[in-house]
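Peer 1: Dropping a structure here in structure tokens format, bear with me for questions.
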Amino acid sequence: MTNDKTRETVVLFGFDRSTPIVPLRESTDNSVFAVGDDKNKKILRVSKRLPIEDVSFECRAVNHLAENGAVVPRFLPTLSGELYVAVDGDVAVMFDFIAGYHIQVDKDHLPDSSQAFEAGKGLAQIHNAGDGFQPLSPRHRTVFSELERVSPLSDLFEGQFEGGSDFVRQTKSMLEFGETYQGARGLIQNDFRPSNVFFNDSGRLAGIIDFDWSCIGPIIKDIALGALEWSFSDGAIAPDFTIFDSFLTGYNSVAFRKQEKDQQLYDWIAFAALSDAATYFCDRVNDPTARRRISASYMYKKFQFFTEIKI
């Protein structure tokens, strides 16, 4: 989106054309901007790949969560009352700014137990608040969307990637596993990573962002990805199970439906990790400079860990 288009868009949400606009993040999925000053700051997100139906689902889902006590930034309507704006094939939304910081996780740094507990508790609050949410229309994205991208590209993976045949077979197996699951379903955040959770200066949860992958799906998939991402950093050879357990304890401290640390959870962690690996490789399958070794993926290594470990 050009600068002029960005300014035209913020005007639709009630801001003046002279309002400060600061780019925050650019990715293949979104462009994100801070709009306004410290007295009235909002976030503008321009989605490059989401269809309007999916953005509509997200806006209504998040506002439902906000109305029911979850600490999420409410989506703001335009002057005409719409929750999104279509601009040159992209879809722009605006939501409240959250002041705080998120945890930087790498192989040398993990959250502490209290932060993991707070994060787990926050995810449970989302699931609790999501009870009763009824979308006006189905969303295109599901928990299976990323794994489903592999099959049409199977010839490329099998012919050009080291470990590609196993990767294709494993994605099919995980799809079958997920599709036969009969457990609780509901509104899930579907991307519950440390970068999407903000804390205040007291170390308490300040807000949860990035619901563009949210959907109706198995509640356990959300818990699985959360436990994985908060305890198992890229480059580590195993999760920190103290952090893992703190996340799960925080979740169970307020969740309407408790989650056991059992084989089913481990299997869903493997599912979540392989789904992320599928995203990584499918996004780069036609990039000649991209890695062609499946086992080089951090998320694939996490998938292997939780495939091999048994309770």
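Here, A, B, ... name the chains of the structure tokens in the order displayed, residue numbers run from 1 inside each chain, and ligands are numbered from 1 in the same displayed order.
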Env of range 218-231 of chain A: 9 Å cut, atoms = only C-alpha atoms, seq-sep filter 4 positions within chain, self excluded. Answer as a ChimeraX atom specification.

Peer 2: /A:105,110-111,116,119-120,123-124,127,143,178,181-194,238-245,247-248,251,259,264-273,302

Peer 1: Please, could you write that set of residues out with C-alpha atoms as a short mmCIF file (atom, residue, chain, number, x, y, z; two decimals), in the first residue's frame?

Peer 2:
data_model
loop_
_atom_site.label_atom_id
_atom_site.label_comp_id
_atom_site.auth_asym_id
_atom_site.auth_seq_id
_atom_site.Cartn_x
_atom_site.Cartn_y
_atom_site.Cartn_z
CA VAL A 105 12.63 -16.31 23.01
CA LEU A 110 13.20 -18.51 27.67
CA PRO A 111 10.31 -17.01 29.62
CA ALA A 116 4.71 -18.89 31.20
CA ALA A 119 0.60 -16.81 29.21
CA GLY A 120 -1.18 -20.10 29.82
CA LEU A 123 -4.91 -18.55 26.57
CA ALA A 124 -7.48 -20.15 28.87
CA HIS A 127 -11.04 -20.12 25.29
CA VAL A 143 -6.16 -25.86 11.62
CA GLY A 178 -6.48 -34.31 13.24
CA TYR A 181 -10.22 -36.04 16.59
CA GLN A 182 -13.47 -35.91 18.57
CA GLY A 183 -12.48 -33.58 21.44
CA ALA A 184 -13.72 -30.12 22.38
CA ARG A 185 -13.84 -27.48 19.66
CA GLY A 186 -14.24 -23.74 19.86
CA LEU A 187 -12.76 -20.38 18.94
CA ILE A 188 -8.95 -20.66 18.98
CA GLN A 189 -6.24 -18.05 18.56
CA ASN A 190 -4.14 -20.53 16.51
CA ASP A 191 -0.87 -18.56 16.74
CA PHE A 192 -0.15 -18.32 20.47
CA ARG A 193 3.53 -17.39 20.49
CA PRO A 194 5.54 -15.18 22.84
CA ALA A 238 14.48 -30.31 23.91
CA PRO A 239 11.81 -28.27 25.68
CA ASP A 240 12.28 -26.89 29.16
CA PHE A 241 9.64 -28.96 30.91
CA THR A 242 9.59 -26.65 33.94
CA ILE A 243 8.38 -23.86 31.64
CA PHE A 244 6.11 -26.31 29.82
CA ASP A 245 4.46 -27.35 33.09
CA PHE A 247 2.28 -22.85 31.02
CA LEU A 248 -0.08 -25.79 31.45
CA TYR A 251 -3.94 -22.65 31.67
CA GLN A 259 -5.96 -30.14 29.84
CA GLN A 264 -2.86 -36.79 23.23
CA LEU A 265 -1.36 -33.39 24.02
CA TYR A 266 2.06 -34.56 22.79
CA ASP A 267 0.49 -35.80 19.56
CA TRP A 268 -1.15 -32.41 19.00
CA ILE A 269 2.17 -30.69 19.68
CA ALA A 270 3.67 -32.81 16.90
CA PHE A 271 0.73 -31.77 14.70
CA ALA A 272 1.29 -28.06 15.45
CA ALA A 273 5.03 -28.29 14.82
CA LYS A 302 10.38 -30.19 17.27
#

Peer 1: Mind checking DSSP for range 125-165 of chain A and telling me the alpha helix (DSSP H) residues as a PyMOL selection string?

Peer 2: chain A and resi 125-130+145-148+154-160+164-165

Peer 1: Tell me, as a PyMOL selection string, which residues lie within 12 Å of Ala66 in chain A, counting only C-alpha atoms; anything in the same chain fewer than 6 positions away does not count.

Peer 2: chain A and resi 59-60+72-76+95-96+125-130+133+207-209

Peer 1: DSSP on the backbone, strand (DSSP E) only: what residues of range 75-239 of chain A does that give? Format it as a PyMOL selection string.

Peer 2: chain A and resi 85-87+90-96+185-188+197-199+205-208+215-218

Peer 1: Write a file of the selected residues as a compact mmCIF listing (two decimals), in the first residue's frame, keeping N, CA and C atoms.

Peer 2:
# COMPACT_ATOMS: atom_id res chain seq x y z
N VAL A 85 -11.67 -2.26 5.72
CA VAL A 85 -11.69 -1.48 4.47
C VAL A 85 -10.95 -2.27 3.41
N ALA A 86 -11.53 -2.45 2.26
CA ALA A 86 -10.87 -3.10 1.13
C ALA A 86 -10.12 -2.04 0.33
N VAL A 87 -8.80 -2.26 0.13
CA VAL A 87 -7.96 -1.29 -0.57
C VAL A 87 -7.07 -2.03 -1.56
N ASP A 90 -6.18 -5.54 -0.92
CA ASP A 90 -5.80 -5.81 0.46
C ASP A 90 -6.95 -5.44 1.38
N VAL A 91 -6.85 -5.87 2.63
CA VAL A 91 -7.91 -5.58 3.59
C VAL A 91 -7.29 -4.93 4.82
N ALA A 92 -7.75 -3.72 5.15
CA ALA A 92 -7.19 -2.96 6.27
C ALA A 92 -8.14 -2.97 7.45
N VAL A 93 -7.58 -3.14 8.65
CA VAL A 93 -8.34 -3.06 9.89
C VAL A 93 -7.58 -2.18 10.86
N MET A 94 -8.28 -1.66 11.86
CA MET A 94 -7.64 -0.86 12.89
C MET A 94 -8.08 -1.37 14.25
N PHE A 95 -7.14 -1.43 15.19
CA PHE A 95 -7.50 -1.88 16.53
C PHE A 95 -6.70 -1.14 17.58
N ASP A 96 -7.10 -1.33 18.82
CA ASP A 96 -6.48 -0.61 19.93
C ASP A 96 -5.01 -0.96 20.07
N ARG A 185 -14.15 -28.47 20.68
CA ARG A 185 -13.84 -27.48 19.66
C ARG A 185 -14.37 -26.12 20.10
N GLY A 186 -13.78 -25.08 19.54
CA GLY A 186 -14.24 -23.74 19.86
C GLY A 186 -13.40 -22.71 19.13
N LEU A 187 -13.53 -21.47 19.52
CA LEU A 187 -12.76 -20.38 18.94
C LEU A 187 -11.33 -20.46 19.47
N ILE A 188 -10.35 -20.58 18.57
CA ILE A 188 -8.95 -20.66 18.98
C ILE A 188 -8.15 -19.53 18.34
N VAL A 197 2.09 -12.01 22.68
CA VAL A 197 1.59 -11.81 24.04
C VAL A 197 2.39 -10.69 24.70
N PHE A 198 1.69 -9.69 25.24
CA PHE A 198 2.34 -8.53 25.84
C PHE A 198 2.14 -8.54 27.36
N PHE A 199 3.21 -8.12 28.05
CA PHE A 199 3.20 -8.01 29.49
C PHE A 199 3.37 -6.55 29.90
N LEU A 205 -0.16 -10.03 32.44
CA LEU A 205 -0.59 -10.03 31.05
C LEU A 205 -1.23 -8.69 30.68
N ALA A 206 -0.73 -8.06 29.60
CA ALA A 206 -1.27 -6.78 29.15
C ALA A 206 -2.19 -6.95 27.95
N GLY A 207 -1.97 -7.95 27.14
CA GLY A 207 -2.82 -8.14 25.97
C GLY A 207 -2.29 -9.22 25.05
N ILE A 208 -3.19 -9.74 24.23
CA ILE A 208 -2.87 -10.79 23.25
C ILE A 208 -3.29 -10.28 21.89
N CYS A 215 -9.58 -19.33 14.22
CA CYS A 215 -10.60 -20.10 13.54
C CYS A 215 -11.36 -20.92 14.58
N ILE A 216 -12.36 -21.65 14.13
CA ILE A 216 -13.01 -22.64 14.97
C ILE A 216 -12.25 -23.96 14.79
N GLY A 217 -11.80 -24.53 15.89
CA GLY A 217 -11.00 -25.75 15.78
C GLY A 217 -10.85 -26.44 17.12
N PRO A 218 -10.07 -27.51 17.16
CA PRO A 218 -9.85 -28.22 18.42
C PRO A 218 -9.12 -27.33 19.42

Peer 1: Looking at A:Asp29, A:Glu146, A:Glu162, A:Glu67, which one is nearest to Ala278 in chain A, with distances taken over only C-alpha atoms?

Peer 2: A:Glu146

Peer 1: Restricting the calculation to only C-alpha atoms, which member of A:Trp213, A:Phe13, A:Phe144, A:Phe97 is positioned closest to Leu83 in chain A?

Peer 2: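 Once distances to Leu83 in chain A are computed over only C-alpha atoms, the minimum belongs to A:Phe13.
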
Peer 1: Counting only C-alpha atoms, figure out which residue out of A:Ser80, A:Glu53, A:Ser114, A:Gln170 gets nearest to Leu136 in chain A.

Peer 2: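 When distances to Leu136 in chain A are compared using only C-alpha atoms, the smallest one comes from A:Glu53.
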
Peer 1: Need to verify the contact set: Ser145 in chain A, 10 Å, only C-alpha atoms, exclusion of same-chain residues closer than 4 positions in sequence. Can you return it as a PyMOL selection string?

Peer 2: chain A and resi 140-141+149-150+175+275+278-279

Peer 1: Save the residues we just selected, N, CA and C atoms, as a PDB file, in the first residue's frame?

Peer 2:
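Written file, result01.pdb:
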ATOM      1  N   HIS A 140     -12.340 -19.452   5.799  1.00  0.00           N
ATOM      2  CA  HIS A 140     -11.570 -20.298   4.898  1.00  0.00           C
ATOM      3  C   HIS A 140     -10.484 -21.058   5.644  1.00  0.00           C
ATOM      4  N   ARG A 141      -9.800 -20.385   6.556  1.00  0.00           N
ATOM      5  CA  ARG A 141      -8.693 -21.009   7.283  1.00  0.00           C
ATOM      6  C   ARG A 141      -9.211 -21.974   8.332  1.00  0.00           C
ATOM      7  N   ARG A 149      -1.574 -27.649   2.222  1.00  0.00           N
ATOM      8  CA  ARG A 149      -0.792 -27.026   1.152  1.00  0.00           C
ATOM      9  C   ARG A 149       0.275 -27.975   0.596  1.00  0.00           C
ATOM     10  N   VAL A 150       0.633 -28.988   1.361  1.00  0.00           N
ATOM     11  CA  VAL A 150       1.740 -29.865   0.967  1.00  0.00           C
ATOM     12  C   VAL A 150       1.357 -30.789  -0.194  1.00  0.00           C
ATOM     13  N   LEU A 175      -2.792 -35.123   9.025  1.00  0.00           N
ATOM     14  CA  LEU A 175      -4.128 -34.689   8.616  1.00  0.00           C
ATOM     15  C   LEU A 175      -5.175 -35.718   9.026  1.00  0.00           C
ATOM     16  N   SER A 275       2.723 -28.554  11.165  1.00  0.00           N
ATOM     17  CA  SER A 275       1.963 -27.535  10.443  1.00  0.00           C
ATOM     18  C   SER A 275       2.820 -26.294  10.200  1.00  0.00           C
ATOM     19  N   ALA A 278       5.308 -27.014   7.550  1.00  0.00           N
ATOM     20  CA  ALA A 278       4.649 -26.979   6.239  1.00  0.00           C
ATOM     21  C   ALA A 278       4.539 -25.540   5.734  1.00  0.00           C
ATOM     22  N   THR A 279       4.193 -24.612   6.613  1.00  0.00           N
ATOM     23  CA  THR A 279       4.131 -23.201   6.230  1.00  0.00           C
ATOM     24  C   THR A 279       5.486 -22.729   5.719  1.00  0.00           C
TER      25      THR A 279
END

Peer 1: List the spatial neighbours of Arg17 in chain A as an MDAnalysis selection string - criterion: any atom at most 12 Å away, only C-alpha atoms, same-chain residues fewer than 3 positions off excluded.

Peer 2: chainID A and resid 3:14 20:21 35:36

Peer 1: Could you work out how far CA of Ser297 in chain A lies from CA of Ala277 in chain A, giving the answer in Å with one decimal?

Peer 2: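 We find that CA of Ala277 in chain A and CA of Ser297 in chain A lie 6.6 Å from each other.
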
Peer 1: Find the residue from A:Thr19, A:Ser165, A:Ser151, A:Gln115 that sits nearest to Lys41 in chain A; use only C-alpha atoms when measuring.

Peer 2: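 Smallest separation from Lys41 in chain A among the options: A:Thr19.
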